[in-house]
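S.K.: Next comes upload.csv, CSV, C-alpha atoms:
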```csv
chain,number,residue,atom,x,y,z
A,1,MET,CA,-41.1,19.4,-18.5
A,2,ARG,CA,-40.6,15.8,-19.7
A,3,ALA,CA,-37.0,14.7,-19.7
A,4,VAL,CA,-35.2,12.0,-21.6
A,5,GLY,CA,-31.9,10.7,-20.1
A,6,LEU,CA,-28.8,9.7,-22.1
A,7,ILE,CA,-25.8,7.8,-20.9
A,8,THR,CA,-22.7,8.9,-22.7
A,9,GLU,CA,-19.0,9.3,-23.2
A,10,TYR,CA,-18.8,11.5,-26.3
A,11,ASN,CA,-15.2,10.6,-27.0
A,12,PRO,CA,-15.5,12.7,-29.1
A,13,PHE,CA,-19.0,13.9,-30.0
A,14,HIS,CA,-19.8,12.8,-33.6
A,15,ASN,CA,-22.7,12.7,-36.2
A,16,GLY,CA,-23.9,9.4,-34.8
A,17,HIS,CA,-24.2,10.9,-31.3
A,18,ARG,CA,-26.2,13.8,-32.9
A,19,TYR,CA,-28.6,11.3,-34.5
A,20,HIS,CA,-29.0,9.5,-31.2
A,21,LEU,CA,-29.7,12.8,-29.4
A,22,GLN,CA,-32.3,14.0,-32.0
A,23,GLN,CA,-34.1,10.6,-32.1
A,24,SER,CA,-34.1,10.3,-28.3
A,25,ARG,CA,-35.9,13.7,-28.0
A,26,LEU,CA,-38.5,12.5,-30.5
A,27,GLN,CA,-39.0,9.0,-29.1
A,28,GLY,CA,-39.1,10.3,-25.5
A,29,GLU,CA,-41.4,13.1,-26.5
A,30,ALA,CA,-39.1,15.2,-24.4
A,31,ASP,CA,-38.8,18.9,-23.6
A,32,VAL,CA,-35.3,18.4,-22.2
A,33,CYS,CA,-32.4,16.1,-22.8
A,34,VAL,CA,-30.3,15.2,-19.7
A,35,ALA,CA,-27.0,13.4,-20.2
A,36,VAL,CA,-24.8,11.6,-17.7
A,37,MET,CA,-21.2,11.6,-19.2
A,38,SER,CA,-18.0,10.0,-18.1
A,39,GLY,CA,-15.3,12.3,-16.9
A,40,HIS,CA,-11.6,12.1,-17.8
A,41,PHE,CA,-11.2,8.3,-17.7
A,42,LEU,CA,-13.6,6.0,-19.5
A,43,GLN,CA,-15.4,2.7,-19.3
A,44,ARG,CA,-12.8,0.9,-21.4
A,45,GLY,CA,-10.0,2.2,-19.2
A,46,GLU,CA,-8.7,4.9,-21.5
A,47,PRO,CA,-8.2,8.6,-20.9
A,48,ALA,CA,-10.6,10.6,-23.0
A,49,LEU,CA,-9.3,12.3,-26.1
A,50,LEU,CA,-10.6,15.6,-24.8
A,51,ASP,CA,-11.3,16.8,-21.3
A,52,LYS,CA,-14.7,16.6,-19.8
A,53,TRP,CA,-15.4,20.3,-20.2
A,54,LEU,CA,-14.6,20.4,-24.0
A,55,ARG,CA,-16.8,17.3,-24.5
A,56,ALA,CA,-19.5,18.9,-22.5
A,57,GLN,CA,-19.3,22.0,-24.7
A,58,MET,CA,-19.6,19.8,-27.8
A,59,ALA,CA,-22.7,18.1,-26.4
A,60,LEU,CA,-24.4,21.3,-25.3
A,61,GLU,CA,-23.8,22.9,-28.7
A,62,ALA,CA,-25.4,19.9,-30.3
A,63,GLY,CA,-28.6,20.1,-28.2
A,64,VAL,CA,-28.0,18.4,-24.9
A,65,ASP,CA,-29.7,20.6,-22.2
A,66,LEU,CA,-28.2,19.4,-19.0
A,67,LEU,CA,-25.0,17.4,-18.4
A,68,VAL,CA,-23.6,15.9,-15.2
A,69,GLU,CA,-20.4,13.9,-14.7
A,70,LEU,CA,-20.6,10.1,-14.0
A,71,PRO,CA,-18.3,9.7,-11.0
A,72,LEU,CA,-15.1,7.9,-11.7
A,73,PRO,CA,-15.6,4.7,-9.7
A,74,TRP,CA,-18.5,3.9,-12.0
A,75,ALA,CA,-17.3,5.6,-15.2
A,76,CYS,CA,-14.1,3.5,-15.4
A,77,ASN,CA,-15.5,0.1,-14.5
A,78,SER,CA,-17.3,-3.0,-15.9
A,79,ALA,CA,-20.5,-2.6,-17.8
A,80,PRO,CA,-22.8,-3.6,-14.9
A,81,LEU,CA,-21.2,-1.0,-12.5
A,82,PHE,CA,-21.1,1.6,-15.3
A,83,ALA,CA,-24.9,1.1,-15.8
A,84,ASP,CA,-25.6,1.1,-12.1
A,85,GLY,CA,-23.9,4.4,-11.5
A,86,ALA,CA,-25.4,6.1,-14.6
A,87,LEU,CA,-28.9,5.0,-13.8
A,88,PHE,CA,-28.6,6.2,-10.3
A,89,CYS,CA,-27.6,9.6,-11.5
A,90,LEU,CA,-30.5,9.8,-13.9
A,91,GLN,CA,-32.9,8.8,-11.2
A,92,GLN,CA,-31.6,11.6,-9.0
A,93,LEU,CA,-32.1,14.0,-11.9
A,94,GLN,CA,-35.8,13.0,-12.2
A,95,VAL,CA,-35.8,12.0,-15.8
A,96,ASP,CA,-38.9,10.3,-17.2
A,97,ALA,CA,-37.3,8.1,-19.9
A,98,LEU,CA,-34.0,6.6,-20.9
A,99,CYS,CA,-33.0,6.2,-24.5
A,100,PHE,CA,-29.9,4.2,-25.5
A,101,GLY,CA,-28.4,3.1,-28.8
A,102,SER,CA,-28.1,-0.6,-29.7
A,103,GLU,CA,-27.2,-2.8,-32.6
A,104,SER,CA,-30.5,-4.5,-32.2
A,105,GLY,CA,-32.8,-1.5,-32.3
A,106,SER,CA,-35.6,-3.7,-30.7
A,107,LEU,CA,-36.5,-3.0,-27.1
A,108,SER,CA,-38.6,-6.1,-26.8
A,109,GLU,CA,-35.7,-8.3,-28.1
A,110,LEU,CA,-33.3,-6.6,-25.6
A,111,GLN,CA,-35.9,-6.9,-22.8
A,112,ARG,CA,-36.2,-10.7,-23.4
A,113,GLY,CA,-32.4,-10.9,-23.3
A,114,ALA,CA,-32.2,-8.9,-20.0
A,115,ASP,CA,-35.0,-11.0,-18.4
A,116,TRP,CA,-33.3,-14.3,-19.4
A,117,LEU,CA,-30.0,-13.1,-18.0
A,118,ARG,CA,-31.6,-12.1,-14.7
A,119,ALA,CA,-33.6,-15.4,-14.5
A,120,HIS,CA,-30.4,-17.5,-15.0
A,121,SER,CA,-27.9,-15.2,-13.2
A,122,ASP,CA,-26.5,-17.9,-10.9
A,123,LEU,CA,-25.9,-20.4,-13.7
A,124,ILE,CA,-24.4,-17.8,-16.0
A,125,GLY,CA,-22.1,-16.6,-13.3
A,126,THR,CA,-20.8,-20.1,-12.5
A,127,GLU,CA,-20.3,-21.2,-16.1
A,128,SER,CA,-19.0,-17.9,-17.3
A,129,ARG,CA,-16.2,-17.9,-14.7
A,130,ARG,CA,-15.1,-21.3,-16.0
A,131,LEU,CA,-15.0,-20.0,-19.5
A,132,LEU,CA,-13.1,-16.9,-18.4
A,133,ARG,CA,-10.3,-19.1,-17.1
A,134,GLN,CA,-10.1,-20.6,-20.6
A,135,GLY,CA,-9.5,-17.2,-22.1
A,136,LYS,CA,-13.0,-16.1,-23.2
A,137,THR,CA,-14.1,-12.5,-22.6
A,138,TRP,CA,-17.1,-11.9,-20.4
A,139,PRO,CA,-19.5,-11.2,-23.3
A,140,GLN,CA,-18.2,-14.3,-25.2
A,141,ALA,CA,-18.6,-16.5,-22.1
A,142,ARG,CA,-22.1,-15.3,-21.4
A,143,ALA,CA,-23.2,-15.9,-25.0
A,144,ILE,CA,-21.7,-19.4,-25.0
A,145,VAL,CA,-23.5,-20.3,-21.8
A,146,ALA,CA,-26.8,-19.0,-23.3
A,147,GLU,CA,-26.2,-21.1,-26.4
A,148,GLN,CA,-25.4,-24.2,-24.3
A,149,PHE,CA,-28.6,-23.8,-22.4
A,150,ASP,CA,-30.9,-23.3,-25.4
A,151,ALA,CA,-31.7,-19.7,-25.0
A,152,ASP,CA,-34.0,-18.2,-27.7
A,153,PRO,CA,-32.0,-17.4,-30.9
A,154,SER,CA,-33.0,-13.8,-30.7
A,155,ILE,CA,-31.4,-13.7,-27.2
A,156,LEU,CA,-28.2,-15.2,-28.5
A,157,GLU,CA,-28.0,-12.6,-31.2
A,158,VAL,CA,-28.2,-9.6,-28.9
A,159,LEU,CA,-25.4,-11.0,-26.6
A,160,TRP,CA,-22.6,-10.5,-29.1
A,161,HIS,CA,-22.7,-6.7,-29.7
A,162,PRO,CA,-21.1,-4.0,-27.5
A,163,ASN,CA,-24.0,-1.5,-27.5
A,164,ASN,CA,-26.5,-4.3,-26.9
A,165,ILE,CA,-24.5,-5.5,-24.0
A,166,LEU,CA,-24.6,-2.0,-22.3
A,167,GLY,CA,-28.4,-1.8,-23.2
A,168,LEU,CA,-28.9,-5.2,-21.4
A,169,GLU,CA,-27.2,-3.8,-18.3
A,170,TYR,CA,-29.3,-0.6,-18.4
A,171,LEU,CA,-32.5,-2.7,-18.5
A,172,ARG,CA,-31.2,-5.0,-15.7
A,173,ALA,CA,-30.4,-1.9,-13.6
A,174,LEU,CA,-33.8,-0.4,-14.2
A,175,ALA,CA,-35.5,-3.7,-13.2
A,176,GLU,CA,-33.4,-4.1,-10.0
A,177,THR,CA,-34.0,-0.5,-8.8
A,178,ASP,CA,-37.6,-0.4,-9.9
A,179,ALA,CA,-36.9,3.1,-11.2
A,180,PRO,CA,-39.9,5.0,-12.6
A,181,ILE,CA,-38.1,5.5,-15.9
A,182,THR,CA,-39.3,4.1,-19.2
A,183,ALA,CA,-36.8,2.7,-21.6
A,184,SER,CA,-36.5,2.9,-25.4
A,185,THR,CA,-33.7,2.1,-27.9
A,186,ILE,CA,-32.5,3.5,-31.2
A,187,LYS,CA,-30.8,1.2,-33.7
A,188,ARG,CA,-27.2,2.2,-34.2
A,189,ILE,CA,-26.5,3.4,-37.7
A,190,GLY,CA,-23.2,3.7,-39.6
A,191,ALA,CA,-19.9,2.1,-38.5
A,192,GLY,CA,-19.8,-0.4,-35.7
A,193,TYR,CA,-18.6,0.4,-32.3
A,194,HIS,CA,-15.0,-0.9,-32.9
A,195,GLU,CA,-14.9,-0.3,-36.6
A,196,GLU,CA,-12.7,2.1,-38.4
A,197,SER,CA,-14.8,2.0,-41.6
A,198,VAL,CA,-17.0,4.9,-42.7
A,199,VAL,CA,-20.6,4.9,-43.8
A,200,ASN,CA,-21.5,8.2,-45.5
A,201,ASP,CA,-20.6,10.8,-42.9
A,202,LEU,CA,-20.8,8.4,-40.0
A,203,ALA,CA,-17.7,7.0,-38.3
A,204,SER,CA,-17.4,5.5,-34.9
A,205,ALA,CA,-15.7,7.3,-32.1
A,206,THR,CA,-13.0,4.6,-32.3
A,207,GLY,CA,-12.5,5.3,-36.0
A,208,ILE,CA,-12.3,9.1,-35.4
A,209,ARG,CA,-9.7,8.7,-32.6
A,210,LEU,CA,-7.6,6.5,-34.8
A,211,ARG,CA,-7.7,9.1,-37.6
A,212,VAL,CA,-6.8,11.9,-35.2
A,213,ALA,CA,-3.8,9.9,-34.0
A,214,ARG,CA,-2.7,9.6,-37.7
A,215,GLY,CA,-3.2,13.3,-38.3
A,216,GLU,CA,-6.1,12.8,-40.6
A,217,ALA,CA,-9.1,15.2,-41.0
A,218,VAL,CA,-12.2,14.1,-39.2
A,219,GLY,CA,-14.4,17.2,-39.5
A,220,SER,CA,-16.9,15.6,-41.9
A,221,PHE,CA,-17.8,13.0,-39.2
A,222,MET,CA,-18.7,15.6,-36.6
A,223,PRO,CA,-21.1,18.5,-36.2
A,224,ASP,CA,-19.5,21.8,-37.2
A,225,ALA,CA,-19.3,23.1,-33.6
A,226,ALA,CA,-17.7,19.8,-32.3
A,227,ALA,CA,-15.2,19.7,-35.1
A,228,SER,CA,-14.2,23.3,-34.4
A,229,ILE,CA,-13.7,22.5,-30.7
A,230,LEU,CA,-11.6,19.5,-31.6
A,231,THR,CA,-9.4,21.5,-34.0
A,232,ASP,CA,-8.8,24.3,-31.5
A,233,ALA,CA,-7.9,21.7,-28.8
A,234,GLN,CA,-5.4,20.0,-31.1
A,235,GLN,CA,-3.8,23.3,-31.9
A,236,ALA,CA,-3.6,24.2,-28.2
A,237,GLY,CA,-2.1,20.8,-27.3
A,238,MET,CA,-5.2,19.9,-25.3
A,239,THR,CA,-5.6,16.3,-26.6
A,240,VAL,CA,-4.1,13.4,-24.8
A,241,ASP,CA,-0.5,12.4,-25.8
A,242,ALA,CA,0.0,8.6,-25.8
A,243,GLU,CA,3.7,8.9,-25.1
A,244,ILE,CA,3.1,11.0,-22.0
A,245,LEU,CA,0.5,8.4,-20.9
A,246,TYR,CA,3.1,5.7,-21.3
A,247,ARG,CA,5.8,7.5,-19.3
A,248,LEU,CA,3.4,8.3,-16.4
A,249,GLN,CA,2.2,4.7,-16.5
A,250,LEU,CA,5.8,3.4,-16.2
A,251,TYR,CA,6.3,5.7,-13.2
A,252,ALA,CA,3.1,4.4,-11.5
A,253,LEU,CA,4.2,0.8,-12.1
A,254,GLN,CA,7.8,1.1,-10.8
A,255,GLU,CA,8.8,-1.1,-8.0
A,256,ASP,CA,8.4,0.7,-4.7
A,257,GLY,CA,8.6,-2.2,-2.2
A,258,LYS,CA,4.9,-2.2,-1.5
A,259,GLY,CA,3.8,-4.0,-4.6
A,260,LEU,CA,0.4,-3.3,-6.2
A,261,ASP,CA,-1.9,-5.8,-4.4
A,262,HIS,CA,-3.6,-2.9,-2.5
A,263,ILE,CA,-4.8,-1.4,-5.8
A,264,TYR,CA,-8.4,-2.1,-6.9
A,265,GLN,CA,-8.8,-5.4,-8.8
A,266,VAL,CA,-5.0,-5.9,-8.9
A,267,ALA,CA,-4.3,-9.1,-7.0
A,268,ASN,CA,-3.2,-12.7,-7.3
A,269,GLY,CA,0.0,-11.8,-9.0
A,270,VAL,CA,-1.5,-9.4,-11.6
A,271,GLY,CA,0.6,-6.6,-10.1
A,272,ARG,CA,3.8,-8.5,-10.8
A,273,ARG,CA,2.6,-9.2,-14.3
A,274,LEU,CA,2.0,-5.5,-14.9
A,275,GLN,CA,5.4,-4.5,-13.5
A,276,GLY,CA,7.1,-7.2,-15.6
A,277,ALA,CA,5.5,-6.0,-18.7
A,278,ALA,CA,6.5,-2.4,-17.9
A,279,ALA,CA,10.2,-3.5,-17.9
A,280,GLU,CA,9.9,-4.8,-21.5
A,281,ALA,CA,7.3,-2.5,-23.2
A,282,THR,CA,8.4,0.3,-25.6
A,283,ASP,CA,5.0,2.2,-25.6
A,284,TYR,CA,1.6,2.1,-24.1
A,285,ALA,CA,0.2,-0.3,-26.8
A,286,THR,CA,3.0,-2.8,-26.3
A,287,LEU,CA,2.6,-2.5,-22.5
A,288,VAL,CA,-1.0,-3.7,-22.8
A,289,ASP,CA,0.0,-6.4,-25.3
A,290,ARG,CA,2.6,-7.7,-22.9
A,291,VAL,CA,0.1,-8.1,-20.1
A,292,LYS,CA,-2.7,-9.6,-22.2
A,293,SER,CA,-3.5,-13.2,-21.4
A,294,ARG,CA,-6.4,-15.6,-21.7
A,295,GLN,CA,-7.7,-14.3,-18.4
A,296,LEU,CA,-7.1,-10.6,-19.0
A,297,THR,CA,-8.7,-8.8,-21.9
A,298,ARG,CA,-7.4,-5.6,-23.4
A,299,THR,CA,-10.2,-3.6,-21.8
A,300,ARG,CA,-9.6,-5.1,-18.4
A,301,ILE,CA,-5.9,-4.4,-18.7
A,302,GLN,CA,-6.5,-0.8,-19.6
A,303,ARG,CA,-8.8,-0.4,-16.6
A,304,LEU,CA,-6.2,-2.0,-14.3
A,305,LEU,CA,-3.5,0.3,-15.6
A,306,THR,CA,-5.8,3.3,-14.9
A,307,TYR,CA,-6.4,2.1,-11.4
A,308,VAL,CA,-2.6,1.9,-10.9
A,309,LEU,CA,-2.1,5.3,-12.5
A,310,LEU,CA,-4.7,6.9,-10.2
A,311,GLY,CA,-3.6,4.9,-7.1
A,312,LEU,CA,-7.1,3.5,-6.4
A,313,ASP,CA,-7.1,1.7,-3.1
A,314,ALA,CA,-9.2,-1.5,-3.3
A,315,VAL,CA,-10.9,-1.1,0.1
A,316,LEU,CA,-11.8,2.5,-0.5
A,317,MET,CA,-13.1,1.8,-4.0
A,318,ASN,CA,-15.3,-1.0,-2.8
A,319,GLU,CA,-16.7,1.2,0.0
A,320,MET,CA,-17.6,3.9,-2.6
A,321,LEU,CA,-19.2,1.4,-5.0
A,322,ASP,CA,-21.3,-0.1,-2.2
A,323,CYS,CA,-22.5,3.3,-1.1
A,324,GLY,CA,-23.2,4.8,-4.5
A,325,PRO,CA,-22.5,8.3,-5.8
A,326,LEU,CA,-22.7,10.9,-3.0
A,327,TYR,CA,-22.9,14.1,-5.0
A,328,LEU,CA,-23.5,15.1,-8.6
A,329,HIS,CA,-21.1,17.4,-10.5
A,330,LEU,CA,-22.9,19.7,-12.9
A,331,LEU,CA,-20.8,20.3,-16.1
A,332,GLY,CA,-23.1,22.3,-18.3
A,333,GLN,CA,-26.6,23.4,-19.1
A,334,SER,CA,-28.7,25.3,-21.6
A,335,ARG,CA,-31.4,27.7,-20.7
A,336,VAL,CA,-34.0,24.9,-21.0
A,337,GLY,CA,-31.7,22.7,-18.8
A,338,GLU,CA,-31.4,25.5,-16.2
A,339,SER,CA,-35.2,25.8,-16.0
A,340,PHE,CA,-35.6,22.1,-15.7
A,341,LEU,CA,-33.0,21.9,-12.9
A,342,SER,CA,-34.6,24.8,-11.1
A,343,ALA,CA,-38.0,23.0,-11.1
A,344,LYS,CA,-36.5,19.7,-9.9
A,345,ARG,CA,-33.8,20.9,-7.5
A,346,LYS,CA,-35.8,20.2,-4.3
A,347,GLN,CA,-36.5,16.7,-5.4
A,348,ILE,CA,-32.8,15.9,-6.0
A,349,GLU,CA,-31.5,14.0,-2.9
A,350,LEU,CA,-27.8,14.4,-3.5
A,351,PRO,CA,-25.7,17.6,-3.3
A,352,LEU,CA,-25.5,19.1,-6.8
A,353,VAL,CA,-22.0,20.6,-7.1
A,354,SER,CA,-21.4,23.4,-9.6
A,355,ASN,CA,-18.6,25.3,-7.8
A,356,TYR,CA,-15.8,23.3,-6.3
A,357,SER,CA,-14.6,26.3,-4.3
A,358,ARG,CA,-17.5,25.7,-2.0
A,359,VAL,CA,-17.9,21.9,-2.3
A,360,GLN,CA,-16.3,21.1,1.1
A,361,SER,CA,-18.8,23.2,3.1
A,362,GLN,CA,-21.7,22.0,0.8
A,363,LEU,CA,-20.9,18.3,1.6
A,364,LYS,CA,-20.5,19.0,5.3
A,365,ARG,CA,-23.9,20.7,5.5
A,366,HIS,CA,-25.6,17.9,3.5
A,367,TYR,CA,-24.1,15.0,5.5
A,368,GLU,CA,-24.2,16.7,8.9
A,369,GLY,CA,-24.8,13.9,11.4
A,370,ASP,CA,-23.6,11.2,9.1
A,371,PRO,CA,-19.8,11.1,9.4
A,372,GLU,CA,-19.3,7.9,7.4
A,373,ARG,CA,-21.2,9.1,4.4
A,374,LEU,CA,-19.4,12.5,4.7
A,375,ARG,CA,-16.0,10.6,4.7
A,376,LEU,CA,-16.9,8.7,1.5
A,377,ALA,CA,-18.3,11.8,-0.2
A,378,GLU,CA,-15.0,13.6,0.5
A,379,GLU,CA,-13.1,10.6,-0.8
A,380,GLN,CA,-15.1,10.6,-4.0
A,381,LEU,CA,-14.2,14.3,-4.3
A,382,ARG,CA,-10.5,13.6,-3.7
A,383,LEU,CA,-10.5,10.9,-6.3
A,384,GLU,CA,-12.1,13.2,-8.9
A,385,LEU,CA,-9.6,15.9,-8.2
A,386,ARG,CA,-6.7,13.5,-8.5
A,387,ALA,CA,-8.1,12.2,-11.8
A,388,SER,CA,-8.3,15.8,-13.1
A,389,ARG,CA,-4.7,16.6,-12.0
A,390,ILE,CA,-3.2,13.5,-13.6
A,391,TYR,CA,-5.3,13.9,-16.7
A,392,SER,CA,-3.9,17.4,-17.1
A,393,LEU,CA,-0.4,16.0,-17.2
A,394,LEU,CA,-1.3,14.0,-20.2
A,395,LEU,CA,-1.8,17.1,-22.3
A,396,PRO,CA,1.1,18.6,-24.3
A,397,GLY,CA,-0.4,22.0,-23.6
A,398,PHE,CA,-0.3,21.5,-19.9
A,399,CYS,CA,-0.1,24.7,-17.8
A,400,ARG,CA,-0.4,25.2,-14.0
A,401,GLN,CA,-4.0,26.4,-14.3
A,402,ASN,CA,-5.1,23.1,-15.8
A,403,ARG,CA,-3.9,21.2,-12.7
A,404,ASN,CA,-6.7,22.4,-10.5
A,405,ARG,CA,-9.2,23.3,-13.2
A,406,ASP,CA,-12.1,21.8,-11.2
A,407,TYR,CA,-11.9,24.7,-8.8
A,408,PHE,CA,-12.1,27.6,-11.3
A,409,GLN,CA,-14.0,26.1,-14.3
A,410,SER,CA,-17.5,27.5,-14.2
A,411,VAL,CA,-20.6,25.6,-15.4
A,412,ILE,CA,-20.6,25.7,-19.2
A,413,ARG,CA,-23.7,27.5,-20.5
A,414,VAL,CA,-25.2,27.8,-24.0
A,415,ASN,CA,-28.1,30.1,-24.9
A,416,SER,CA,-30.3,27.6,-26.8
```
If you took the structure in this file and wrote it as structure tokens, what would it be?
M.R.:
Amino acid sequence: MRAVGLITEYNPFHNGHRYHLQQSRLQGEADVCVAVMSGHFLQRGEPALLDKWLRAQMALEAGVDLLVELPLPWACNSAPLFADGALFCLQQLQVDALCFGSESGSLSELQRGADWLRAHSDLIGTESRRLLRQGKTWPQARAIVAEQFDADPSILEVLWHPNNILGLEYLRALAETDAPITASTIKRIGAGYHEESVVNDLASATGIRLRVARGEAVGSFMPDAAASILTDAQQAGMTVDAEILYRLQLYALQEDGKGLDHIYQVANGVGRRLQGAAAEATDYATLVDRVKSRQLTRTRIQRLLTYVLLGLDAVLMNEMLDCGPLYLHLLGQSRVGESFLSAKRKQIELPLVSNYSRVQSQLKRHYEGDPERLRLAEEQLRLELRASRIYSLLLPGFCRQNRNRDYFQSVIRVNS
């Protein structure tokens, strides 16, 4: 069975995602679609609108065949690390192809950009850090450096757009790992990544979330099954509440005598800046605004706040990132996905976890004789469990069962 891989967040699943899914299957000539999806906390540092199981259900109902969770250290991180973790998971799952969305829609154009960035990585790193200190974002700094050093105009164009930027990182990761995965891209249609505007029945996930926050209808921008899941979740109080997030964030930022320098990426006075902003902010949005500076973009601040909220120790996070994912969490599958997984299971090198009630013994068996990797696998597990517990507190419909849902939630299955 030929498999095409997708790297996703589905926050929430919408008509543009369905188009990407359908075109990926066609371009990849695939029998099965395999998705790696972020869990409860996302690349831009935000908690997902819906939990990972509801988003998995949306994806499976729309035609994804197999869906695994991208572990949190990579899911809530910079674009290069996000790409590294996702590609690693797809390699483990033995996919044949990767298909990603981009504003460019031209693989050759993106490949030239990725090759140029790799060839000039040292220069770009040095010059970009200088521009970052002047208040430029990383994508802005990289594009400015490319322009200063006379990169091809087509390369300059691809460096400015968010989906292109992720695509460049996917191509870089593929080249660095020499993975036997072919890449293709689909031109993004409809509203831009950050835009609230609507084109026909296509709205960005950002636009949909903004409409949800205002209490507006969004069903026309989503497949029927996904819209129904979202509506049911809203009625049950199972969408994230920004006010609860703000209160928990204030608690995490309170002075405790230790400071925050031990938290991942929180150093050089950033912790004091976060705590000072917490003393003045009136909601989550103003908290981010109070911290924002020339050196700290909104996305970076949101990730820092999530690291504080989850208590992510810097030493441990770096150890996990250096080691790579040490197990895969299966969220859902169709019948086709189950057949594919059955055929590939012996080739998958990592433990494939589908039932957390047995995960400890599964990890111990797999890493017998390698106590260091076992330690890090158990730390990865503890981090995912902590993320689920804290995420559950962000839901107005919180109940005790939600708190440890990883342990009793079975793999989601659809019959297609």
S.K.: Excluding Arg375 of chain A and its own-chain neighbours fewer than 5 positions away, which residues fall within 10 Å of it when counting only C-alpha atoms? Please give them as a ChimeraX atom specification.
M.R.: /A:363-364,367,370,380-381
S.K.: For segment 101-118 of chain A, find every residue with an atom within 8 Å (counting all atoms listed in the file), except residues of its own chain fewer than 6 positions away, and show them as a list in words.
M.R.: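 Final neighbour list, sorted by chain and number: His20, Ile124, Ala151, Ser154, Ile155, Leu156, Val158, Leu159, His161, Asn163, Asn164, Gly167, Leu168, Glu169, Leu171, Arg172, Ala183, Ser184, Thr185, Ile186, Lys187 and Arg188 of chain A.
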S.K.: To one decimal place in Å, what is the distance between atom CA of Val353 of chain A and atom CA of Val36 of chain A?
M.R.: 14.2 Å
S.K.: Write out as a list of chain:residue names the residues lying within 9 Å of Pro47 of chain A, counting only C-alpha atoms and excluding same-chain residues fewer than 4 positions away.
M.R.: A:Gly39, A:His40, A:Phe41, A:Leu42, A:Asp51, A:Val240, A:Leu245, A:Thr306, A:Tyr391, A:Leu394
S.K.: Could you list, with a cut-off of 10 Å and counting all atoms listed in the file, the residues of segment 220-303 of chain A near segment 1-12 of chain A, each shown with its nearest atom pair and the distance in Å rounded to one decimal, rows sorted by chain and ascending number, as JSON lines?
M.R.:
```
{"residue": "A:Met222", "atom": "CA", "partner": "A:Pro12", "partner_atom": "CA", "distance": 8.7}
{"residue": "A:Ala226", "atom": "CA", "partner": "A:Pro12", "partner_atom": "CA", "distance": 8.1}
{"residue": "A:Ala227", "atom": "CA", "partner": "A:Pro12", "partner_atom": "CA", "distance": 9.2}
{"residue": "A:Leu230", "atom": "CA", "partner": "A:Pro12", "partner_atom": "CA", "distance": 8.2}
```
S.K.: Hey, can you check how far atom CA of Asn318 of chain A sits from atom CA of Arg300 of chain A?
M.R.: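 A separation of 17.1 Å between them.
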S.K.: To one decimal place, how far is atom CA of Leu352 of chain A from atom CA of Gly332 of chain A in Å?
M.R.: 12.2 Å
S.K.: Would you mind telling me which residue in A:Leu250, A:His120, A:Leu350, A:Val95 lies nearest to Arg373 of chain A when using all atoms listed in the file?
M.R.: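 Looking at the shortest contact to Arg373 of chain A, the residue is A:Leu350.
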S.K.: I'd like to know which of A:Ala233, A:Ala203, A:Ala83, A:Leu304 is closest to Thr177 of chain A, using all atoms listed in the file.
M.R.: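 Counting all atoms listed in the file, the residue closest to Thr177 of chain A is A:Ala83.
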S.K.: Which of these, A:Asn77, A:Gly276, A:Ser357, A:Glu157, has the shortest distance to Tyr264 of chain A once you count only C-alpha atoms?
M.R.: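 Distance minimum relative to Tyr264 of chain A lands on A:Asn77.
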S.K.: Go through A:Gly337, A:Gln275, A:Leu49, A:Ile244 one by one, measure the shortest atom-to-atom distance of each to Arg413 of chain A using all atoms listed in the file, and give the residue with the smallest value.
M.R.: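 Answer, going by the shortest atom-to-atom distance: A:Gly337.
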S.K.: Using only C-alpha atoms, which residues sit within 12 Å of Arg335 of chain A once same-chain residues fewer than 5 positions away are excluded, as a PyMOL selection string?
M.R.: chain A and resi 31-33+60+63-66+340-342+412-416
S.K.: Can you tell me which residues surround Asn404 of chain A at a distance of at most 9 Å, considering all atoms listed in the file, apart from same-chain residues fewer than 5 positions away, and format the answer as number ranges by chain?
M.R.: A: 385, 388-389, 392
S.K.: Can you work out which one of A:Ile263, A:Leu395, A:Leu90, A:Ala179 has the shortest atom-to-atom distance to Leu67 of chain A, counting all atoms listed in the file?
M.R.: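 Ranking A:Ile263, A:Leu395, A:Leu90, A:Ala179 by distance to Leu67 of chain A, first place goes to A:Leu90.
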S.K.: Distance cut-off 12 Å, centre (-28.6, 11.4, -33.7) in file coordinates, counting all atoms listed in the file: which residues qualify? Return them as JSON, numbers by chain.
M.R.: {"A": [6, 13, 14, 15, 16, 17, 18, 19, 20, 21, 22, 23, 24, 25, 26, 27, 59, 62, 63, 64, 99, 100, 101, 186, 187, 188, 189, 190, 202, 222, 223]}
S.K.: Report as JSON lines the residues of segment 54-148 of chain A within 8 Å of segment 292-298 of chain A, each with its shortest atom pair and distance in Å (one decimal), using only C-alpha atoms, ordered by chain and increasing residue number.
M.R.:
```
{"residue": "A:Leu132", "atom": "CA", "partner": "A:Gln295", "partner_atom": "CA", "distance": 6.0}
{"residue": "A:Arg133", "atom": "CA", "partner": "A:Gln295", "partner_atom": "CA", "distance": 5.6}
{"residue": "A:Gln134", "atom": "CA", "partner": "A:Arg294", "partner_atom": "CA", "distance": 6.3}
{"residue": "A:Gly135", "atom": "CA", "partner": "A:Arg294", "partner_atom": "CA", "distance": 3.5}
{"residue": "A:Lys136", "atom": "CA", "partner": "A:Arg294", "partner_atom": "CA", "distance": 6.8}
{"residue": "A:Thr137", "atom": "CA", "partner": "A:Thr297", "partner_atom": "CA", "distance": 6.6}
```
